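One structure below.
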Amino acid sequence: MTSISMDARAIWHEAAHSVVALRFDFPAADILWENGNFKCTHTGRPGISLRHVYIVLAAGAAAEELEFGGNYNPRGSSADSASISKFGGARIEDYLLEATEILAARRQELESIVKELQKKWQGSIFTGRPNPFKVMSAEEIDAIHNSFLSQYAPAI
Ligand SMILES: [Zn+2]
């Protein structure tokens, strides 16, 4: 669990949830380290499409496949799969393609959040991380997102 490659996979996974959530105008959320896992909880707002919720939840798995090739780690996405079911969705696989398309179109934003998250994570190694530990704040994620906004066509 503590190997660098596991961390990298988890960081790409978590950053991707944020990128796709912001694409669908969910408010940005803090990324926490809690009980040995990265975690971020995007709260919805009235009128949000359930399909968008499913795609946000599938984004972590989609990013793992996009960045590391092969299949995503089902254990790392088991909570995401469970949430999709809870909200009445189908299998997580059914939303991977749409999530992947968004991530591919927003690759630079994804990489920027990954880089920042990695930096903050590494930088906190010797500080004694409380549980939960806020690795990156919603404001910081928003700032990166906003710096890319002008690059996107409305449809992507
Ligand atoms: Zn996830």
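The chains in the structure tokens are called A, B, ... from first to last as shown; in each chain the residues are counted from 1, and the ligands are counted from 1 in the order shown.
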* To do: Skip A:Arg51 itself and residues of its chain fewer than 4 positions away, then list as JSON, numbers by chain all residues within 9 Å of it, counting only C-alpha atoms.
  => {"A": [55, 56, 89, 95]}
* List all protein, DNA and RNA residues that have at least one atom no more than 7 Å from any atom of ligand 1, counting only C-alpha atoms and all ligand atoms, and write them as an MDAnalysis selection string. => chainID A and resid 13:14 17 57 60:61 76:77 79:80
* Structure fact -> If you count only C-alpha atoms, the residue of A:Glu34, A:Asp25, A:Glu98, A:Glu116 closest to A:Asn146 turns out to be A:Asp25
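For chain A, backbone-based DSSP labels the following residues as strand (DSSP E): Ile31, Leu32, Trp33, Glu34, Asn37, Phe38, Lys39, Phe133, Lys134, Val135 and Met136 of chain A.
In terms of minimum interatomic distance to A:Thr41, A:Ala138 ranks closest within A:Ile125, A:Ile102, A:Arg75, A:Ala138, counting only C-alpha atoms.
Here atom CA of A:Pro27 stands at a distance of 22.3 Å from atom CA of A:Ile92.
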* To do: Extract, using only C-alpha atoms, all DNA, RNA and protein residues at most 7 Å from A:Leu96, discarding same-chain residues fewer than 2 positions from it, and format them as a PyMOL selection string.
  => chain A and resi 58-59+62+92-94+98-100
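Across A:Arg9, A:Gly36, A:Ala105, A:Lys86, the tightest approach to A:Glu67 is made by A:Arg9 when counting only C-alpha atoms.
Closest to A:Lys39 among A:Ile84, A:Ala15, A:Ala63, A:Leu97 is A:Ala15, based on only C-alpha atoms.
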* To do: Write out as number ranges by chain all residues of stretch 6-130 of chain A that backbone DSSP assigns to helix (DSSP H, G or I).
  => A: 6-23, 50-68, 78-86, 93-105, 107-123, 125-127
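Nearest residue to A:Ile48, choosing from A:Ala21, A:Leu66, A:Val135, A:Ala29 and counting only C-alpha atoms: A:Ala21.
Distances from A:Ile31, A:Gly88, A:Glu64, A:Gln108 to A:Leu149 were compared using only C-alpha atoms, and the smallest one belongs to A:Gln108.
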* To do: Find the distance between atom CA of A:Leu32 and atom CA of A:Met136 and write it in Å to one decimal.
  => 7.1 Å
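Interatomic distance, atom CA of A:His42 to atom CA of A:Tyr72: 21.3 Å.
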